[in-house]
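Participant: Handing you this structure, nothing more for now.
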Amino acid sequence: MSTINNRYDFDFLFDCQDGNPNGDPDSDNKPRQDPQTMHGLVSDVCLKRKIRDFVLYDKSSAGAVEPGFDIFVLGGSSLEQRQKLAYDNLDSEVEWKGKDTSKTDIEKAAQWMCGHFYDVRTFGAVMSTKEFNCGQVRGPAQLTFARSCHPVLPTEQAITRVAYTKEEKREASTGSTEMGSKYTIPYGLYVAHGFINPVFSEKTGFDEDDLKLLWKALANLFELDRSAARGTMCTRGLYIFKHDSKLGNAQAQRLFESIKVEKKAGIESPRSFADYTVTLPEAGSLPQGVTLTDGLA
């Protein structure tokens, strides 16, 4: 295991064309927006879900997951069920006593979870539920909400379906179709910021191989996540700032602001990535001790 000895900050660019990148369940599944500026939003939870899914696909073979790369937050399972695995596998070392479980045993369970679940040692997790408490882990990798570079305009598209949802609807109807709708945006280029904290990686066991897998997942995030609802989504940029030290050599925001994403002259309503220009900082302009790498190169 090769430990991480450098801080990283990164910009993650992706776009969506004729789709819904992240619907809001509290707003009839409309694409998320900043209500004041109308910029589009994609939650960090949405992005982490796609990373988890990619890692699971990448590390699975013949129905089995490679040891150390299982996923804690997994569809169709409960968190308590996953936490119970730590106590089942450490039954000779720890003992679950409900609220009387010792702090030492909970810490051992947390370390077991970090060692066996990629998303726990990467993003961290709150595992301090009433049953099978495994404590709380603060992960070294964090992502912000993604925000579109310019306002997006969601539109509601009417659709029809020739099959009925329920038998009673078919019997009562004199028509031949049912009406429905779906929301899309014509185009949006989104930017999320990310951070890798080597101090927390020491505590969770997140190492260089885990980091390489994270870069791989971000570069290919949407390739295994296609659906008609999301239209065409694609990773457009992964710009990684590497610091020479664990604590960092410059403020993250200063580095993020050195990358400019602008509409090309004459473009009022962007409809493709070709309508934008991405300008990277010139050689020698970055703070001393910081290097920039194109993660898609």
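We label chains A, B, ... in the order they appear in the structure tokens, count residues from 1 in each chain, and number ligands from 1 in the order shown.
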Hey, what does DSSP flag as strand (DSSP E or B) within region 74-145 of chain A? Can you give it to me as a PyMOL selection string?
Facilitator: chain A and resi 117+124-127+135-138+141-143
Participant: Within 8 Å of Thr3 (chain A), counting only C-alpha atoms, which residues show up once you throw out same-chain ones fewer than 4 positions away? Write them as a tab-separated table (two decimals) with C-alpha atoms, in the first residue's frame, please.
Facilitator:
chain	number	residue	atom	x	y	z
A	201	SER	CA	-6.28	9.28	3.99
A	202	GLU	CA	-3.86	8.10	6.68
A	205	GLY	CA	-6.24	3.71	4.39
A	206	PHE	CA	-7.06	5.50	1.13
A	207	ASP	CA	-3.89	5.01	-0.92
A	208	GLU	CA	-2.38	5.84	-4.32
Participant: Quick one: everything within 12 Å of Ser92 (chain A), counting only C-alpha atoms, minus sequence neighbours fewer than 5 positions away in the same chain. Send it as a list in words.
Facilitator: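 My list of contacting residues is Ala86, Tyr87, Asp105 and Lys108 of chain A.
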Participant: Residues at most 10 Å from region 192-198 of chain A, counting only C-alpha atoms, excluding those fewer than 3 positions away in the same chain, as a PyMOL selection string?
Facilitator: chain A and resi 3-14+41-44+47+122-123+139-148+201-207+211+238-242+245-248+252-253+256
Participant: Those residues with C-alpha atoms, as a PDB file, in the first residue's frame please?
Facilitator:
ATOM      1  CA  THR A   3       0.214   6.170   1.196  1.00  0.00           C
ATOM      2  CA  ILE A   4      -0.730   9.582  -0.155  1.00  0.00           C
ATOM      3  CA  ASN A   5       1.738  12.318   0.747  1.00  0.00           C
ATOM      4  CA  ASN A   6       0.323  15.179  -1.319  1.00  0.00           C
ATOM      5  CA  ARG A   7      -2.763  17.337  -1.195  1.00  0.00           C
ATOM      6  CA  TYR A   8      -4.824  17.496  -4.385  1.00  0.00           C
ATOM      7  CA  ASP A   9      -7.496  19.900  -5.580  1.00  0.00           C
ATOM      8  CA  PHE A  10      -9.300  19.298  -8.855  1.00  0.00           C
ATOM      9  CA  ASP A  11     -11.855  20.717 -11.250  1.00  0.00           C
ATOM     10  CA  PHE A  12     -14.292  18.255 -12.827  1.00  0.00           C
ATOM     11  CA  LEU A  13     -16.118  19.429 -15.978  1.00  0.00           C
ATOM     12  CA  PHE A  14     -19.001  17.543 -17.575  1.00  0.00           C
ATOM     13  CA  LEU A  41     -26.979  22.187 -10.170  1.00  0.00           C
ATOM     14  CA  VAL A  42     -25.942  18.556  -9.777  1.00  0.00           C
ATOM     15  CA  SER A  43     -25.572  17.283  -6.220  1.00  0.00           C
ATOM     16  CA  ASP A  44     -22.410  15.763  -4.825  1.00  0.00           C
ATOM     17  CA  LEU A  47     -21.792  12.253  -8.522  1.00  0.00           C
ATOM     18  CA  THR A 122     -12.768   7.362   0.093  1.00  0.00           C
ATOM     19  CA  PHE A 123     -15.761   9.527   1.039  1.00  0.00           C
ATOM     20  CA  GLY A 139     -13.154  10.599   4.126  1.00  0.00           C
ATOM     21  CA  PRO A 140     -10.209  12.206   2.320  1.00  0.00           C
ATOM     22  CA  ALA A 141     -12.066  12.725  -0.986  1.00  0.00           C
ATOM     23  CA  GLN A 142     -14.793  15.356  -1.134  1.00  0.00           C
ATOM     24  CA  LEU A 143     -16.837  16.891  -3.957  1.00  0.00           C
ATOM     25  CA  THR A 144     -18.927  20.046  -4.142  1.00  0.00           C
ATOM     26  CA  PHE A 145     -22.230  20.462  -5.935  1.00  0.00           C
ATOM     27  CA  ALA A 146     -21.603  20.946  -9.640  1.00  0.00           C
ATOM     28  CA  ARG A 147     -22.847  24.242 -11.074  1.00  0.00           C
ATOM     29  CA  SER A 148     -23.471  25.067 -14.716  1.00  0.00           C
ATOM     30  CA  SER A 201      -6.280   9.280   3.986  1.00  0.00           C
ATOM     31  CA  GLU A 202      -3.857   8.105   6.677  1.00  0.00           C
ATOM     32  CA  LYS A 203      -6.803   7.360   8.946  1.00  0.00           C
ATOM     33  CA  THR A 204      -8.946   5.511   6.389  1.00  0.00           C
ATOM     34  CA  GLY A 205      -6.243   3.714   4.391  1.00  0.00           C
ATOM     35  CA  PHE A 206      -7.059   5.502   1.132  1.00  0.00           C
ATOM     36  CA  ASP A 207      -3.890   5.010  -0.924  1.00  0.00           C
ATOM     37  CA  LEU A 211      -6.689   7.596  -5.937  1.00  0.00           C
ATOM     38  CA  LEU A 238     -10.433  16.730 -15.177  1.00  0.00           C
ATOM     39  CA  TYR A 239      -7.813  19.237 -14.088  1.00  0.00           C
ATOM     40  CA  ILE A 240      -5.748  18.064 -11.120  1.00  0.00           C
ATOM     41  CA  PHE A 241      -3.667  20.409  -8.963  1.00  0.00           C
ATOM     42  CA  LYS A 242      -1.007  18.494  -7.031  1.00  0.00           C
ATOM     43  CA  SER A 245       3.156  18.949   0.619  1.00  0.00           C
ATOM     44  CA  LYS A 246       0.404  17.380   2.706  1.00  0.00           C
ATOM     45  CA  LEU A 247      -0.921  20.721   3.927  1.00  0.00           C
ATOM     46  CA  GLY A 248      -0.811  22.307   0.473  1.00  0.00           C
ATOM     47  CA  ALA A 252      -7.752  25.814  -3.396  1.00  0.00           C
ATOM     48  CA  GLN A 253      -9.960  28.675  -4.566  1.00  0.00           C
ATOM     49  CA  PHE A 256      -9.772  26.952  -9.239  1.00  0.00           C
TER      50      PHE A 256
END
Participant: Mind giving me the straight-line distance from CA of Ala217 (chain A) to CA of Val55 (chain A) in Å, one decimal?
Facilitator: 6.8 Å
Participant: With region 156-180 of chain A as the partner and 12 Å as the cut-off, tabulate the residues of region 6-87 of chain A that qualify, each row holding the nearest pair of atoms and their distance in Å to one decimal, using only C-alpha atoms, sorted by chain and rising number, as JSON lines.
Facilitator:
{"residue": "A:Asp18", "atom": "CA", "partner": "A:Gln157", "partner_atom": "CA", "distance": 10.6}
{"residue": "A:Gly19", "atom": "CA", "partner": "A:Gln157", "partner_atom": "CA", "distance": 10.7}
{"residue": "A:Asn20", "atom": "CA", "partner": "A:Glu156", "partner_atom": "CA", "distance": 10.6}
{"residue": "A:Asp28", "atom": "CA", "partner": "A:Glu156", "partner_atom": "CA", "distance": 10.7}
{"residue": "A:Asn29", "atom": "CA", "partner": "A:Glu156", "partner_atom": "CA", "distance": 10.7}
{"residue": "A:Lys30", "atom": "CA", "partner": "A:Glu156", "partner_atom": "CA", "distance": 8.5}
{"residue": "A:Pro31", "atom": "CA", "partner": "A:Glu156", "partner_atom": "CA", "distance": 10.4}
Participant: Create the file for the chosen residues now, containing N, CA and C atoms and written as a PDB file, in the first residue's frame.
Facilitator:
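Saved as part35.pdb:
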ATOM      1  N   ASP A  18     -29.738  17.684 -23.982  1.00  0.00           N
ATOM      2  CA  ASP A  18     -31.077  17.119 -24.162  1.00  0.00           C
ATOM      3  C   ASP A  18     -31.385  16.032 -23.135  1.00  0.00           C
ATOM      4  N   GLY A  19     -31.126  16.341 -21.871  1.00  0.00           N
ATOM      5  CA  GLY A  19     -31.411  15.377 -20.815  1.00  0.00           C
ATOM      6  C   GLY A  19     -31.581  16.070 -19.478  1.00  0.00           C
ATOM      7  N   ASN A  20     -31.786  15.272 -18.452  1.00  0.00           N
ATOM      8  CA  ASN A  20     -31.945  15.760 -17.085  1.00  0.00           C
ATOM      9  C   ASN A  20     -30.785  15.217 -16.255  1.00  0.00           C
ATOM     10  N   ASP A  28     -41.007  17.761  -8.699  1.00  0.00           N
ATOM     11  CA  ASP A  28     -41.522  16.972  -9.824  1.00  0.00           C
ATOM     12  C   ASP A  28     -40.393  16.453 -10.713  1.00  0.00           C
ATOM     13  N   ASN A  29     -39.219  16.238 -10.108  1.00  0.00           N
ATOM     14  CA  ASN A  29     -38.030  15.716 -10.793  1.00  0.00           C
ATOM     15  C   ASN A  29     -37.492  16.659 -11.871  1.00  0.00           C
ATOM     16  N   LYS A  30     -37.743  17.940 -11.724  1.00  0.00           N
ATOM     17  CA  LYS A  30     -37.155  18.911 -12.650  1.00  0.00           C
ATOM     18  C   LYS A  30     -35.646  18.978 -12.425  1.00  0.00           C
ATOM     19  N   PRO A  31     -34.883  19.335 -13.445  1.00  0.00           N
ATOM     20  CA  PRO A  31     -33.440  19.530 -13.246  1.00  0.00           C
ATOM     21  C   PRO A  31     -33.189  20.559 -12.149  1.00  0.00           C
TER      22      PRO A  31
END
Participant: With only C-alpha atoms as the counted atoms, please give the residues lying no more than 8 Å from region 72-85 of chain A, apart from itself and same-chain residues fewer than 6 positions off, as a ChimeraX atom specification.
Facilitator: /A:113,117-120,127,129,131-134
Participant: Generate the output file for the selected residues, N, CA and C atoms, as an mmCIF file, in the first residue's frame.
Facilitator:
data_model
loop_
_atom_site.group_PDB
_atom_site.id
_atom_site.type_symbol
_atom_site.label_atom_id
_atom_site.label_comp_id
_atom_site.auth_asym_id
_atom_site.auth_seq_id
_atom_site.Cartn_x
_atom_site.Cartn_y
_atom_site.Cartn_z
ATOM 1 N N MET A 113 -14.449 -1.608 8.246
ATOM 2 C CA MET A 113 -15.292 -1.036 7.182
ATOM 3 C C MET A 113 -14.436 -0.292 6.161
ATOM 4 N N PHE A 117 -14.619 -1.554 2.276
ATOM 5 C CA PHE A 117 -15.529 -0.784 1.436
ATOM 6 C C PHE A 117 -14.812 0.442 0.865
ATOM 7 N N TYR A 118 -14.718 0.481 -0.458
ATOM 8 C CA TYR A 118 -14.011 1.572 -1.128
ATOM 9 C C TYR A 118 -14.628 2.925 -0.806
ATOM 10 N N ASP A 119 -15.953 3.007 -0.827
ATOM 11 C CA ASP A 119 -16.581 4.314 -0.618
ATOM 12 C C ASP A 119 -16.436 4.811 0.813
ATOM 13 N N VAL A 120 -16.281 3.920 1.786
ATOM 14 C CA VAL A 120 -16.085 4.363 3.165
ATOM 15 C C VAL A 120 -14.706 4.997 3.325
ATOM 16 N N MET A 127 -21.778 5.826 10.283
ATOM 17 C CA MET A 127 -22.196 4.446 10.552
ATOM 18 C C MET A 127 -22.588 4.259 12.010
ATOM 19 N N THR A 129 -25.408 4.239 13.543
ATOM 20 C CA THR A 129 -26.823 3.936 13.741
ATOM 21 C C THR A 129 -26.993 3.099 15.008
ATOM 22 N N GLU A 131 -28.186 0.105 15.550
ATOM 23 C CA GLU A 131 -27.749 -1.282 15.441
ATOM 24 C C GLU A 131 -26.371 -1.367 14.787
ATOM 25 N N PHE A 132 -25.466 -2.098 15.423
ATOM 26 C CA PHE A 132 -24.134 -2.373 14.874
ATOM 27 C C PHE A 132 -23.377 -1.087 14.533
ATOM 28 N N ASN A 133 -23.213 -0.271 15.553
ATOM 29 C CA ASN A 133 -22.527 1.015 15.423
ATOM 30 C C ASN A 133 -21.073 0.807 15.016
ATOM 31 N N CYS A 134 -20.696 1.418 13.879
ATOM 32 C CA CYS A 134 -19.298 1.381 13.414
ATOM 33 C C CYS A 134 -18.673 2.770 13.430
#
Participant: Set the distance at 10 Å and use only C-alpha atoms: which residues neighbour Gln33 (chain A) once local chain neighbours fewer than 4 positions away are removed? I'd like the list as a PyMOL selection string.
Facilitator: chain A and resi 22-24+37-42+147-148+151-154
Participant: Could you dump the residues just selected with N, CA and C atoms as a compact mmCIF listing (two decimals), in the first residue's frame?
Facilitator:
# COMPACT_ATOMS: atom_id res chain seq x y z
N ASN A 22 -29.78 15.73 -13.18
CA ASN A 22 -30.02 15.42 -11.77
C ASN A 22 -31.37 16.00 -11.36
N GLY A 23 -32.41 15.18 -11.38
CA GLY A 23 -33.74 15.66 -11.06
C GLY A 23 -33.92 15.91 -9.57
N ASP A 24 -34.79 16.87 -9.24
CA ASP A 24 -35.10 17.22 -7.86
C ASP A 24 -36.42 16.55 -7.48
N THR A 37 -30.21 32.58 -9.84
CA THR A 37 -29.43 32.78 -11.07
C THR A 37 -29.86 31.87 -12.21
N MET A 38 -30.64 30.81 -11.88
CA MET A 38 -31.09 29.81 -12.86
C MET A 38 -29.95 28.95 -13.39
N HIS A 39 -28.79 28.99 -12.74
CA HIS A 39 -27.72 28.06 -13.08
C HIS A 39 -28.14 26.65 -12.66
N GLY A 40 -27.76 25.68 -13.46
CA GLY A 40 -28.08 24.30 -13.14
C GLY A 40 -27.19 23.77 -12.02
N LEU A 41 -27.71 22.81 -11.26
CA LEU A 41 -26.98 22.19 -10.17
C LEU A 41 -27.04 20.67 -10.29
N VAL A 42 -25.97 20.02 -9.91
CA VAL A 42 -25.94 18.56 -9.78
C VAL A 42 -25.33 18.27 -8.41
N ARG A 147 -22.04 23.10 -10.65
CA ARG A 147 -22.85 24.24 -11.07
C ARG A 147 -22.58 24.51 -12.54
N SER A 148 -23.65 24.78 -13.30
CA SER A 148 -23.47 25.07 -14.72
C SER A 148 -22.79 26.42 -14.90
N PRO A 151 -26.74 30.01 -17.09
CA PRO A 151 -28.10 29.56 -16.79
C PRO A 151 -28.58 28.48 -17.77
N VAL A 152 -29.41 27.58 -17.26
CA VAL A 152 -30.02 26.55 -18.11
C VAL A 152 -31.53 26.75 -18.07
N LEU A 153 -32.20 26.29 -19.11
CA LEU A 153 -33.65 26.46 -19.21
C LEU A 153 -34.32 25.10 -19.34
N PRO A 154 -34.81 24.53 -18.23
CA PRO A 154 -35.51 23.26 -18.31
C PRO A 154 -36.84 23.41 -19.06
Participant: How far is it from CA of Cys46 (chain A) to CA of Gly231 (chain A), in Å with one decimal?
Facilitator: 15.7 Å
Participant: Here is a test: counting only C-alpha atoms, which residue of A:Arg32, A:His150, A:Arg121, A:Arg52 is nearest to Ile267 (chain A)?
Facilitator: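 For Ile267 (chain A), the nearest of the given residues is A:His150.
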Participant: Using only C-alpha atoms for the distances, tell me which of A:Leu218, A:Ala125, A:Leu189, A:Ala265 is nearest to Thr232 (chain A).
Facilitator: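 Among the listed residues, A:Leu189 lies closest to Thr232 (chain A).
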Participant: Point out the residue among A:Phe69, A:Tyr57, A:Phe273, A:Trp215 with the least atom-to-atom distance to Cys114 (chain A), counting only C-alpha atoms.
Facilitator: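 Nearest candidate to Cys114 (chain A) out of A:Phe69, A:Tyr57, A:Phe273, A:Trp215: A:Phe69.
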Participant: I need the residues in region 151-241 of chain A that are alpha helix (DSSP H) according to DSSP; give them as a PyMOL selection string.
Facilitator: chain A and resi 167-172+198-204+208-219
